[in-house]
file input-v3.cif (mmCIF, C-alpha atoms; chains and numbers go by the auth columns)
data_upload
loop_
_atom_site.group_PDB
_atom_site.id
_atom_site.type_symbol
_atom_site.label_atom_id
_atom_site.label_comp_id
_atom_site.label_asym_id
_atom_site.label_seq_id
_atom_site.Cartn_x
_atom_site.Cartn_y
_atom_site.Cartn_z
_atom_site.B_iso_or_equiv
_atom_site.auth_seq_id
_atom_site.auth_asym_id
ATOM 1 C CA MET A 1 -8.561 7.829 5.938 0.00 814 D
ATOM 2 C CA ARG A 2 -6.486 9.077 8.860 0.00 815 D
ATOM 3 C CA GLU A 3 -7.684 11.794 11.188 0.00 816 D
ATOM 4 C CA ASN A 4 -6.045 15.168 10.587 0.00 817 D
ATOM 5 C CA GLY A 5 -4.154 15.396 13.875 0.00 818 D
ATOM 6 C CA VAL A 6 -2.916 18.928 13.230 0.00 819 D
ATOM 7 C CA ARG A 7 -6.437 20.224 12.717 0.00 820 D
ATOM 8 C CA THR A 8 -7.618 18.437 15.862 0.00 821 D
ATOM 9 C CA ILE A 9 -4.833 20.012 17.926 0.00 822 D
ATOM 10 C CA TRP A 10 -5.607 23.476 16.520 0.00 823 D
ATOM 11 C CA GLU A 11 -9.328 23.036 17.270 0.00 824 D
ATOM 12 C CA GLN A 12 -8.351 22.384 20.895 0.00 825 D
ATOM 13 C CA GLY A 13 -6.454 25.694 20.927 0.00 826 D
ATOM 14 C CA LYS A 14 -3.078 24.014 21.348 0.00 827 D
ATOM 15 C CA SER A 15 0.226 24.429 19.496 0.00 828 D
ATOM 16 C CA VAL A 16 1.582 21.938 16.958 0.00 829 D
ATOM 17 C CA VAL A 17 5.200 20.741 17.123 0.00 830 D
ATOM 18 C CA ASN A 18 6.590 20.119 13.620 0.00 831 D
ATOM 19 C CA GLY A 19 9.687 18.194 12.532 0.00 832 D
ATOM 20 C CA TRP A 20 11.609 19.362 9.447 0.00 833 D
ATOM 21 C CA LEU A 21 13.192 16.921 6.980 0.00 834 D
ATOM 22 C CA ALA A 22 15.872 18.221 4.623 0.00 835 D
ATOM 23 C CA ILE A 23 18.064 15.100 4.480 0.00 836 D
ATOM 24 C CA PRO A 24 17.069 13.053 1.390 0.00 837 D
ATOM 25 C CA ASN A 25 16.827 9.742 3.182 0.00 838 D
ATOM 26 C CA SER A 26 13.843 7.488 3.881 0.00 839 D
ATOM 27 C CA PHE A 27 15.406 6.186 7.107 0.00 840 D
ATOM 28 C CA SER A 28 15.612 9.691 8.602 0.00 841 D
ATOM 29 C CA ALA A 29 11.988 10.264 7.541 0.00 842 D
ATOM 30 C CA GLU A 30 10.920 7.051 9.256 0.00 843 D
ATOM 31 C CA VAL A 31 12.772 7.952 12.452 0.00 844 D
ATOM 32 C CA MET A 32 11.276 11.470 12.527 0.00 845 D
ATOM 33 C CA SER A 33 7.763 10.204 11.836 0.00 846 D
ATOM 34 C CA ASN A 34 8.009 7.835 14.809 0.00 847 D
ATOM 35 C CA ALA A 35 9.300 10.574 17.123 0.00 848 D
ATOM 36 C CA SER A 36 6.994 12.741 19.223 0.00 849 D
ATOM 37 C CA PHE A 37 6.248 15.327 16.520 0.00 850 D
ATOM 38 C CA ASP A 38 2.669 16.293 15.692 0.00 851 D
ATOM 39 C CA SER A 39 3.610 16.757 12.034 0.00 852 D
ATOM 40 C CA VAL A 40 6.619 16.359 9.748 0.00 853 D
ATOM 41 C CA THR A 41 7.517 18.553 6.757 0.00 854 D
ATOM 42 C CA VAL A 42 9.518 17.171 3.827 0.00 855 D
ATOM 43 C CA ASP A 43 11.427 20.198 2.452 0.00 856 D
ATOM 44 C CA MET A 44 11.675 19.698 -1.299 0.00 857 D
ATOM 45 C CA GLN A 45 12.302 23.380 -2.053 0.00 858 D
ATOM 46 C CA HIS A 46 15.402 24.416 -0.115 0.00 859 D
ATOM 47 C CA GLY A 47 17.434 21.240 0.204 0.00 860 D
ATOM 48 C CA MET A 48 18.677 18.230 -1.678 0.00 861 D
ATOM 49 C CA VAL A 49 15.387 16.294 -1.648 0.00 862 D
ATOM 50 C CA ASP A 50 14.372 15.495 -5.231 0.00 863 D
ATOM 51 C CA PHE A 51 11.166 13.792 -6.387 0.00 864 D
ATOM 52 C CA GLN A 52 12.478 10.226 -6.049 0.00 865 D
ATOM 53 C CA ALA A 53 13.878 10.781 -2.555 0.00 866 D
ATOM 54 C CA GLY A 54 10.713 12.637 -1.534 0.00 867 D
ATOM 55 C CA LEU A 55 8.577 9.739 -2.716 0.00 868 D
ATOM 56 C CA THR A 56 10.498 7.189 -0.643 0.00 869 D
ATOM 57 C CA MET A 57 10.401 9.543 2.346 0.00 870 D
ATOM 58 C CA LEU A 58 6.617 9.915 2.091 0.00 871 D
ATOM 59 C CA GLN A 59 6.268 6.142 1.818 0.00 872 D
ATOM 60 C CA ALA A 60 8.310 5.716 5.008 0.00 873 D
ATOM 61 C CA ILE A 61 6.245 8.349 6.803 0.00 874 D
ATOM 62 C CA SER A 62 2.938 6.823 5.728 0.00 875 D
ATOM 63 C CA ARG A 63 3.891 3.484 7.331 0.00 876 D
ATOM 64 C CA SER A 64 4.566 5.047 10.735 0.00 877 D
ATOM 65 C CA GLU A 65 2.394 4.373 13.757 0.00 878 D
ATOM 66 C CA GLU A 66 -0.082 7.045 14.696 0.00 879 D
#
call {"tool": "encode", "arguments": {"input": "input-v3.cif", "output": "structure tokens"}}
result
Amino acid sequence: MRENGVRTIWEQGKSVVNGWLAIPNSFSAEVMSNASFDSVTVDMQHGMVDFQAGLTMLQAISRSEE
């Protein structure tokens, strides 16, 4: 199981930088997850991301380097 990086940063008293994904595309999710963000949010409430797109996006994110 991966370390919860957000929790670790908060325990150190630092701020977390979050990326926001509203484009329903696994490639954009992969690019964002490999950028310098501490966390990435997949917005399935306000945008065009449906369950199938969200699933592929989460798969792309889970394969990113830590």
call {"tool": "closest_residue", "arguments": {"input": "input-v3.cif", "among": "D:Val829, D:Val855, D:Val862, D:Val844", "to": "Arg876 of chain D", "atoms": "all atoms listed in the file"}}
result
D:Val844
call {"tool": "resolve_selection", "arguments": {"input": "input-v3.cif", "expression": "the PyMOL selection byres ((chain D and resi 843) around 8)", "output": "PyMOL selection string"}}
result
chain D and resi 839-842+844-847+870+873-874+877
call {"tool": "closest_residue", "arguments": {"input": "input-v3.cif", "among": "D:Pro837, D:Phe850, D:Asn831, D:Thr821", "to": "Ala866 of chain D", "atoms": "all atoms listed in the file"}}
result
D:Pro837
call {"tool": "closest_residue", "arguments": {"input": "input-v3.cif", "among": "D:Gly860, D:Ser875, D:Asn838, D:Lys827", "to": "Arg815 of chain D", "atoms": "all atoms listed in the file"}}
result
D:Ser875
call {"tool": "residues_around", "arguments": {"input": "input-v3.cif", "residues": "Asn817 of chain D", "least_positions_apart": "6", "cutoff": "12 Å", "atoms": "all atoms listed in the file", "output": "PyMOL selection string"}}
result
chain D and resi 823-824+851-852+879
call {"tool": "atom_distance", "arguments": {"input": "input-v3.cif", "atom1": "atom CA of Met857 of chain D", "atom2": "atom CA of Ile836 of chain D"}}
result
9.8 Å
call {"tool": "closest_residue", "arguments": {"input": "input-v3.cif", "among": "D:Glu816, D:Phe864, D:Ala848, D:Val853", "to": "Trp833 of chain D", "atoms": "all atoms listed in the file"}}
result
D:Val853
call {"tool": "atom_distance", "arguments": {"input": "input-v3.cif", "atom1": "atom CA of Gln872 of chain D", "atom2": "atom CA of Leu834 of chain D"}}
result
13.8 Å
call {"tool": "atom_distance", "arguments": {"input": "input-v3.cif", "atom1": "atom CA of Gly818 of chain D", "atom2": "atom CA of Gly832 of chain D"}}
result
14.2 Å
call {"tool": "axis_aligned_box", "arguments": {"input": "input-v3.cif", "around": "segment 824-828 of chain D", "padding_each_side": "6 Å", "output": "AutoDock Vina command-line options"}}
result
--center_x -4.6 --center_y 24.0 --center_z 19.3 --size_x 21.6 --size_y 15.3 --size_z 16.1
call {"tool": "build_atoms", "arguments": {"input": "input-v3.cif", "residues": "segment 829-857 of chain D", "atoms": "N, CA and C atoms", "output": "PDB file, in the frame of the given file"}}
result
ATOM      1  N   VAL D 829       1.084  23.120  17.660  1.00  0.00           N
ATOM      2  CA  VAL D 829       1.582  21.938  16.958  1.00  0.00           C
ATOM      3  C   VAL D 829       3.101  21.991  16.927  1.00  0.00           C
ATOM      4  N   VAL D 830       3.743  20.862  17.210  1.00  0.00           N
ATOM      5  CA  VAL D 830       5.200  20.741  17.123  1.00  0.00           C
ATOM      6  C   VAL D 830       5.522  20.002  15.829  1.00  0.00           C
ATOM      7  N   ASN D 831       6.297  20.645  14.954  1.00  0.00           N
ATOM      8  CA  ASN D 831       6.590  20.119  13.620  1.00  0.00           C
ATOM      9  C   ASN D 831       8.063  19.734  13.505  1.00  0.00           C
ATOM     10  N   GLY D 832       8.326  18.599  12.867  1.00  0.00           N
ATOM     11  CA  GLY D 832       9.687  18.194  12.532  1.00  0.00           C
ATOM     12  C   GLY D 832       9.976  18.573  11.090  1.00  0.00           C
ATOM     13  N   TRP D 833      11.236  18.894  10.777  1.00  0.00           N
ATOM     14  CA  TRP D 833      11.609  19.362   9.447  1.00  0.00           C
ATOM     15  C   TRP D 833      12.618  18.394   8.839  1.00  0.00           C
ATOM     16  N   LEU D 834      12.307  17.873   7.657  1.00  0.00           N
ATOM     17  CA  LEU D 834      13.192  16.921   6.980  1.00  0.00           C
ATOM     18  C   LEU D 834      13.825  17.560   5.753  1.00  0.00           C
ATOM     19  N   ALA D 835      15.140  17.702   5.776  1.00  0.00           N
ATOM     20  CA  ALA D 835      15.872  18.221   4.623  1.00  0.00           C
ATOM     21  C   ALA D 835      16.911  17.218   4.130  1.00  0.00           C
ATOM     22  N   ILE D 836      17.125  16.145   4.873  1.00  0.00           N
ATOM     23  CA  ILE D 836      18.064  15.100   4.480  1.00  0.00           C
ATOM     24  C   ILE D 836      17.320  14.130   3.566  1.00  0.00           C
ATOM     25  N   PRO D 837      17.785  13.920   2.343  1.00  0.00           N
ATOM     26  CA  PRO D 837      17.069  13.053   1.390  1.00  0.00           C
ATOM     27  C   PRO D 837      17.266  11.570   1.686  1.00  0.00           C
ATOM     28  N   ASN D 838      16.623  11.108   2.748  1.00  0.00           N
ATOM     29  CA  ASN D 838      16.827   9.742   3.182  1.00  0.00           C
ATOM     30  C   ASN D 838      15.542   9.210   3.807  1.00  0.00           C
ATOM     31  N   SER D 839      15.088   8.053   3.349  1.00  0.00           N
ATOM     32  CA  SER D 839      13.843   7.488   3.881  1.00  0.00           C
ATOM     33  C   SER D 839      13.993   7.027   5.327  1.00  0.00           C
ATOM     34  N   PHE D 840      15.200   6.619   5.721  1.00  0.00           N
ATOM     35  CA  PHE D 840      15.406   6.186   7.107  1.00  0.00           C
ATOM     36  C   PHE D 840      15.218   7.360   8.068  1.00  0.00           C
ATOM     37  N   SER D 841      15.784   8.520   7.731  1.00  0.00           N
ATOM     38  CA  SER D 841      15.612   9.691   8.602  1.00  0.00           C
ATOM     39  C   SER D 841      14.138  10.095   8.665  1.00  0.00           C
ATOM     40  N   ALA D 842      13.420   9.956   7.552  1.00  0.00           N
ATOM     41  CA  ALA D 842      11.988  10.264   7.541  1.00  0.00           C
ATOM     42  C   ALA D 842      11.221   9.313   8.445  1.00  0.00           C
ATOM     43  N   GLU D 843      11.586   8.039   8.413  1.00  0.00           N
ATOM     44  CA  GLU D 843      10.920   7.051   9.256  1.00  0.00           C
ATOM     45  C   GLU D 843      11.182   7.333  10.733  1.00  0.00           C
ATOM     46  N   VAL D 844      12.419   7.649  11.066  1.00  0.00           N
ATOM     47  CA  VAL D 844      12.772   7.952  12.452  1.00  0.00           C
ATOM     48  C   VAL D 844      12.010   9.178  12.937  1.00  0.00           C
ATOM     49  N   MET D 845      11.978  10.239  12.133  1.00  0.00           N
ATOM     50  CA  MET D 845      11.276  11.470  12.527  1.00  0.00           C
ATOM     51  C   MET D 845       9.778  11.241  12.658  1.00  0.00           C
ATOM     52  N   SER D 846       9.207  10.426  11.777  1.00  0.00           N
ATOM     53  CA  SER D 846       7.763  10.204  11.836  1.00  0.00           C
ATOM     54  C   SER D 846       7.359   9.363  13.041  1.00  0.00           C
ATOM     55  N   ASN D 847       8.303   8.625  13.610  1.00  0.00           N
ATOM     56  CA  ASN D 847       8.009   7.835  14.809  1.00  0.00           C
ATOM     57  C   ASN D 847       8.429   8.549  16.089  1.00  0.00           C
ATOM     58  N   ALA D 848       8.957   9.763  15.951  1.00  0.00           N
ATOM     59  CA  ALA D 848       9.300  10.574  17.123  1.00  0.00           C
ATOM     60  C   ALA D 848       8.031  11.254  17.629  1.00  0.00           C
ATOM     61  N   SER D 849       8.163  12.129  18.579  1.00  0.00           N
ATOM     62  CA  SER D 849       6.994  12.741  19.223  1.00  0.00           C
ATOM     63  C   SER D 849       6.521  14.023  18.538  1.00  0.00           C
ATOM     64  N   PHE D 850       6.709  14.140  17.236  1.00  0.00           N
ATOM     65  CA  PHE D 850       6.248  15.327  16.520  1.00  0.00           C
ATOM     66  C   PHE D 850       4.774  15.175  16.152  1.00  0.00           C
ATOM     67  N   ASP D 851       4.067  16.302  16.123  1.00  0.00           N
ATOM     68  CA  ASP D 851       2.669  16.293  15.692  1.00  0.00           C
ATOM     69  C   ASP D 851       2.566  16.233  14.176  1.00  0.00           C
ATOM     70  N   SER D 852       3.574  16.775  13.498  1.00  0.00           N
ATOM     71  CA  SER D 852       3.610  16.757  12.034  1.00  0.00           C
ATOM     72  C   SER D 852       5.071  16.752  11.585  1.00  0.00           C
ATOM     73  N   VAL D 853       5.280  16.381  10.335  1.00  0.00           N
ATOM     74  CA  VAL D 853       6.619  16.359   9.748  1.00  0.00           C
ATOM     75  C   VAL D 853       6.533  16.984   8.354  1.00  0.00           C
ATOM     76  N   THR D 854       7.457  17.902   8.058  1.00  0.00           N
ATOM     77  CA  THR D 854       7.517  18.553   6.757  1.00  0.00           C
ATOM     78  C   THR D 854       8.695  17.998   5.972  1.00  0.00           C
ATOM     79  N   VAL D 855       8.446  17.593   4.732  1.00  0.00           N
ATOM     80  CA  VAL D 855       9.518  17.171   3.827  1.00  0.00           C
ATOM     81  C   VAL D 855       9.845  18.382   2.950  1.00  0.00           C
ATOM     82  N   ASP D 856      11.027  18.978   3.162  1.00  0.00           N
ATOM     83  CA  ASP D 856      11.427  20.198   2.452  1.00  0.00           C
ATOM     84  C   ASP D 856      12.018  19.834   1.098  1.00  0.00           C
ATOM     85  N   MET D 857      11.216  19.996   0.058  1.00  0.00           N
ATOM     86  CA  MET D 857      11.675  19.698  -1.299  1.00  0.00           C
ATOM     87  C   MET D 857      12.041  20.975  -2.059  1.00  0.00           C
TER      88      MET D 857
END
